[in-house]
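> Dropping a structure here in structure tokens format, bear with me for questions.
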Amino acid sequence: MNIAVVTGTSTGIGFTTSLHLARNGYRVFAGMRNPAKAGALNEAAAAEDLPVEVIQLDVTDAASVAAAFAKVSGEGPVDVLVNNAGIGGASPLELTPEDEHRQMFETNYFGAIRCIQAVLPTMREREQGTIVNVTSVAGMLATPNQIAYSASKWALEAAGEALAHELFRFGVRVVNIEPGVIMTNIFENSAESTRYDKTSPYKQIMRRNGKLFAAGFRAQTPPDRVAEAILESIVTDDYRLRWPVGDDAQGMIPGRRRISDEDWVAMGAELSDDEYNGRFKDWFGVEL
């Protein structure tokens, strides 16, 4: 049975992906920073008699990553790595503390890199395996009020693209999964890094960012769609590097390519709601 390691599995995309891969023939090692939160996943796996084992894995801790992959390698080589662990936040750059910015990179970027480096030698030597990076629509369209988050996801997007090139000759597949707004707990979990102040000079930017997520919530895209895209990206014969997930992502990513950089920057002007919302609908297909 092929082995998959999924990070960030206590809730949301990682939780759902662990179960979905296990239902489709994988033995899943579900990494959690805090295994005390494993109850729900253990219960769901047991209810279906699925091969899911929770392991302690804090992607921001090199020793934890080394120990986790040493444990997994004792059971066999890793065939699939899903880099899902991540943190969010919404705040203008001026109001984002440097340590918060660094923590975003430590988890969303360096955490994934640590896990990739743990599996690369064996995947390369075996000339098989898949590395799945769960990035974001914000990794393709830099989002105001989410600069630290966007930058960390752009960095992971870039790493995935370059790594796919590096590993192609060795038969190792790299894919970037780019969800839009997904119905998970990431926003509750990032509440301390999310700021809204009606007296702030950035209140317009904050409000527009909030409206974008409100539109995403109305679409109610479940994490199951991300899990399905992850499995398809692994098994399909029709390899693709990038996999947008959700109607918003599928509108915003190609829409951003069609407009100029200057058009996108100018969206930050003192536009009326009707003007701003109209452009967003015309360019990205999203109703704010």
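By convention here, the chains of the structure tokens are called A, B, ... in the order presented, each chain's residues are numbered starting at 1, and ligands are numbered starting at 1 in the order presented.
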I'd like the contact shell of Gln56 (chain A) - 9 Å cut-off, only C-alpha atoms, skipping same-chain residues fewer than 5 positions apart - returned as a PyMOL selection string.

chain A and resi 30-35+64-65+67-68

> Would you put the residues from that selection into a file with N, CA and C atoms, as a PDB file, in the first residue's frame?


```pdb
ATOM      1  N   ALA A  30      -0.998  11.118   9.282  1.00  0.00           N
ATOM      2  CA  ALA A  30      -1.601  12.449   9.401  1.00  0.00           C
ATOM      3  C   ALA A  30      -0.830  13.265  10.424  1.00  0.00           C
ATOM      4  N   GLY A  31      -0.081  14.251   9.958  1.00  0.00           N
ATOM      5  CA  GLY A  31       0.737  15.056  10.848  1.00  0.00           C
ATOM      6  C   GLY A  31      -0.058  16.132  11.546  1.00  0.00           C
ATOM      7  N   MET A  32       0.144  16.236  12.863  1.00  0.00           N
ATOM      8  CA  MET A  32      -0.484  17.284  13.666  1.00  0.00           C
ATOM      9  C   MET A  32       0.546  17.889  14.599  1.00  0.00           C
ATOM     10  N   ARG A  33       0.511  19.194  14.709  1.00  0.00           N
ATOM     11  CA  ARG A  33       1.394  19.860  15.678  1.00  0.00           C
ATOM     12  C   ARG A  33       1.033  19.431  17.092  1.00  0.00           C
ATOM     13  N   ASN A  34      -0.263  19.298  17.351  1.00  0.00           N
ATOM     14  CA  ASN A  34      -0.747  18.906  18.671  1.00  0.00           C
ATOM     15  C   ASN A  34      -1.638  17.666  18.544  1.00  0.00           C
ATOM     16  N   PRO A  35      -1.086  16.470  18.731  1.00  0.00           N
ATOM     17  CA  PRO A  35      -1.878  15.247  18.585  1.00  0.00           C
ATOM     18  C   PRO A  35      -3.036  15.135  19.564  1.00  0.00           C
ATOM     19  N   SER A  64      11.165  17.989  15.130  1.00  0.00           N
ATOM     20  CA  SER A  64       9.876  17.311  15.000  1.00  0.00           C
ATOM     21  C   SER A  64       9.711  16.726  13.601  1.00  0.00           C
ATOM     22  N   VAL A  65      10.105  17.494  12.590  1.00  0.00           N
ATOM     23  CA  VAL A  65      10.010  17.008  11.202  1.00  0.00           C
ATOM     24  C   VAL A  65      10.903  15.781  11.017  1.00  0.00           C
ATOM     25  N   ALA A  67      11.983  13.643  13.246  1.00  0.00           N
ATOM     26  CA  ALA A  67      11.463  12.491  13.992  1.00  0.00           C
ATOM     27  C   ALA A  67      10.254  11.884  13.300  1.00  0.00           C
ATOM     28  N   ALA A  68       9.389  12.742  12.783  1.00  0.00           N
ATOM     29  CA  ALA A  68       8.176  12.254  12.125  1.00  0.00           C
ATOM     30  C   ALA A  68       8.514  11.440  10.881  1.00  0.00           C
TER      31      ALA A  68
END
```

> Write out as a PyMOL selection string which residues come within 8 Å of region 135-151 of chain A when counting only C-alpha atoms, dropping same-chain ones fewer than 6 positions away.

chain A and resi 84+87-93+101+104-105+157+176-180+205-206+209+244+249+252-253+256

> Mind writing the picked residues with N, CA and C atoms as a PDB file, in the first residue's frame?


```pdb
ATOM      1  N   ASN A  84       0.149  20.759   3.607  1.00  0.00           N
ATOM      2  CA  ASN A  84      -1.086  21.496   3.833  1.00  0.00           C
ATOM      3  C   ASN A  84      -1.009  22.425   5.034  1.00  0.00           C
ATOM      4  N   ILE A  87      -0.962  28.842   8.190  1.00  0.00           N
ATOM      5  CA  ILE A  87      -1.680  29.800   9.012  1.00  0.00           C
ATOM      6  C   ILE A  87      -2.035  31.000   8.148  1.00  0.00           C
ATOM      7  N   GLY A  88      -3.094  31.712   8.549  1.00  0.00           N
ATOM      8  CA  GLY A  88      -3.558  32.865   7.796  1.00  0.00           C
ATOM      9  C   GLY A  88      -3.542  34.124   8.642  1.00  0.00           C
ATOM     10  N   GLY A  89      -4.116  35.168   8.089  1.00  0.00           N
ATOM     11  CA  GLY A  89      -4.194  36.451   8.769  1.00  0.00           C
ATOM     12  C   GLY A  89      -4.538  37.529   7.767  1.00  0.00           C
ATOM     13  N   ALA A  90      -5.140  38.609   8.260  1.00  0.00           N
ATOM     14  CA  ALA A  90      -5.532  39.714   7.379  1.00  0.00           C
ATOM     15  C   ALA A  90      -5.224  41.022   8.086  1.00  0.00           C
ATOM     16  N   SER A  91      -4.271  41.742   7.542  1.00  0.00           N
ATOM     17  CA  SER A  91      -3.833  42.983   8.166  1.00  0.00           C
ATOM     18  C   SER A  91      -3.006  43.779   7.165  1.00  0.00           C
ATOM     19  N   PRO A  92      -3.156  45.115   7.115  1.00  0.00           N
ATOM     20  CA  PRO A  92      -2.270  45.918   6.262  1.00  0.00           C
ATOM     21  C   PRO A  92      -0.821  45.759   6.727  1.00  0.00           C
ATOM     22  N   LEU A  93       0.101  45.876   5.810  1.00  0.00           N
ATOM     23  CA  LEU A  93       1.514  45.661   6.136  1.00  0.00           C
ATOM     24  C   LEU A  93       1.976  46.564   7.267  1.00  0.00           C
ATOM     25  N   HIS A 101       4.834  38.313  10.668  1.00  0.00           N
ATOM     26  CA  HIS A 101       5.184  38.114   9.260  1.00  0.00           C
ATOM     27  C   HIS A 101       6.130  36.918   9.133  1.00  0.00           C
ATOM     28  N   MET A 104       4.411  33.551   9.614  1.00  0.00           N
ATOM     29  CA  MET A 104       3.672  33.136   8.427  1.00  0.00           C
ATOM     30  C   MET A 104       4.596  32.380   7.470  1.00  0.00           C
ATOM     31  N   PHE A 105       5.801  32.901   7.267  1.00  0.00           N
ATOM     32  CA  PHE A 105       6.767  32.224   6.392  1.00  0.00           C
ATOM     33  C   PHE A 105       7.284  30.941   7.030  1.00  0.00           C
ATOM     34  N   GLU A 157       4.583  28.856  -4.135  1.00  0.00           N
ATOM     35  CA  GLU A 157       4.274  28.676  -5.557  1.00  0.00           C
ATOM     36  C   GLU A 157       5.560  28.641  -6.380  1.00  0.00           C
ATOM     37  N   ASN A 176       0.978  22.266  -7.447  1.00  0.00           N
ATOM     38  CA  ASN A 176       0.509  23.329  -6.569  1.00  0.00           C
ATOM     39  C   ASN A 176      -1.018  23.369  -6.623  1.00  0.00           C
ATOM     40  N   ILE A 177      -1.648  23.156  -5.477  1.00  0.00           N
ATOM     41  CA  ILE A 177      -3.104  23.227  -5.354  1.00  0.00           C
ATOM     42  C   ILE A 177      -3.454  24.617  -4.853  1.00  0.00           C
ATOM     43  N   GLU A 178      -4.347  25.335  -5.556  1.00  0.00           N
ATOM     44  CA  GLU A 178      -4.589  26.760  -5.294  1.00  0.00           C
ATOM     45  C   GLU A 178      -6.049  27.017  -4.922  1.00  0.00           C
ATOM     46  N   PRO A 179      -6.412  26.755  -3.659  1.00  0.00           N
ATOM     47  CA  PRO A 179      -7.801  26.979  -3.259  1.00  0.00           C
ATOM     48  C   PRO A 179      -8.148  28.457  -3.163  1.00  0.00           C
ATOM     49  N   GLY A 180      -9.421  28.751  -3.436  1.00  0.00           N
ATOM     50  CA  GLY A 180      -9.966  30.048  -3.084  1.00  0.00           C
ATOM     51  C   GLY A 180     -10.415  29.999  -1.638  1.00  0.00           C
ATOM     52  N   ILE A 205      -9.423  49.260   2.453  1.00  0.00           N
ATOM     53  CA  ILE A 205      -8.741  48.029   2.048  1.00  0.00           C
ATOM     54  C   ILE A 205      -9.214  46.860   2.910  1.00  0.00           C
ATOM     55  N   MET A 206      -9.316  47.086   4.217  1.00  0.00           N
ATOM     56  CA  MET A 206      -9.782  46.043   5.133  1.00  0.00           C
ATOM     57  C   MET A 206     -11.195  45.592   4.761  1.00  0.00           C
ATOM     58  N   ASN A 209     -11.337  43.560   1.510  1.00  0.00           N
ATOM     59  CA  ASN A 209     -10.825  42.210   1.742  1.00  0.00           C
ATOM     60  C   ASN A 209     -11.885  41.357   2.441  1.00  0.00           C
ATOM     61  N   PRO A 244      -6.233  25.258  -9.624  1.00  0.00           N
ATOM     62  CA  PRO A 244      -7.141  26.146  -8.883  1.00  0.00           C
ATOM     63  C   PRO A 244      -8.366  25.356  -8.408  1.00  0.00           C
ATOM     64  N   ALA A 249     -11.331  31.008  -7.216  1.00  0.00           N
ATOM     65  CA  ALA A 249      -9.967  30.796  -7.701  1.00  0.00           C
ATOM     66  C   ALA A 249      -9.941  30.634  -9.211  1.00  0.00           C
ATOM     67  N   MET A 252     -10.431  34.233 -10.528  1.00  0.00           N
ATOM     68  CA  MET A 252      -9.448  35.257 -10.182  1.00  0.00           C
ATOM     69  C   MET A 252      -8.077  35.006 -10.795  1.00  0.00           C
ATOM     70  N   ILE A 253      -7.656  33.749 -10.837  1.00  0.00           N
ATOM     71  CA  ILE A 253      -6.300  33.473 -11.334  1.00  0.00           C
ATOM     72  C   ILE A 253      -6.169  33.795 -12.825  1.00  0.00           C
ATOM     73  N   ARG A 256      -6.599  37.656 -13.404  1.00  0.00           N
ATOM     74  CA  ARG A 256      -5.430  38.500 -13.102  1.00  0.00           C
ATOM     75  C   ARG A 256      -4.439  38.484 -14.257  1.00  0.00           C
TER      76      ARG A 256
END
```

> Give me, as an MDAnalysis selection string, all polymer residues having an atom no more than 9 Å from Gly14 (chain A), counting only C-alpha atoms and skipping those fewer than 2 positions away in the same chain.

chainID A and resid 6:12 16:19 30:31 82:85 223 227

> Keeping C-alpha atoms, export the residues of the selection given above as a CSV table (one decimal), in the first residue's frame.


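Now in again22.csv:
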```csv
chain,number,residue,atom,x,y,z
A,6,VAL,CA,-0.3,14.9,5.1
A,7,THR,CA,0.5,17.9,7.3
A,8,GLY,CA,-1.9,20.1,9.2
A,9,THR,CA,-4.6,17.5,9.6
A,10,SER,CA,-6.6,18.4,12.8
A,11,THR,CA,-9.3,20.2,10.8
A,12,GLY,CA,-10.3,21.4,7.3
A,16,THR,CA,-10.6,15.8,4.7
A,17,THR,CA,-7.6,14.9,2.5
A,18,SER,CA,-6.3,12.3,5.0
A,19,LEU,CA,-9.6,10.5,4.9
A,30,ALA,CA,-1.6,12.4,9.4
A,31,GLY,CA,0.7,15.1,10.8
A,82,VAL,CA,0.9,16.8,1.0
A,83,ASN,CA,2.1,20.1,2.4
A,84,ASN,CA,-1.1,21.5,3.8
A,85,ALA,CA,-0.1,23.0,7.2
A,223,PRO,CA,-12.7,21.1,1.7
A,227,ALA,CA,-9.2,16.8,-1.4
```

> Grab the CA of Gly216 (chain A) to CA of Ser200 (chain A) distance for me, in Å with one decimal place.

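CA of Ser200 (chain A) lies at a distance of 24.5 Å from CA of Gly216 (chain A).
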
> Looking only at strand (DSSP E or B) from DSSP on the backbone, list the matching residues of region 60-285 of chain A as a list in words.

Val80, Leu81, Val82, Asn83, Ala90, Ser91, Thr130, Ile131, Val132, Asn133, Val134, Gln146, Arg173, Val174, Val175, Asn176, Ile177, Glu178, Pro179, Thr194, Arg242, Trp243, Pro244 and Val245 of chain A
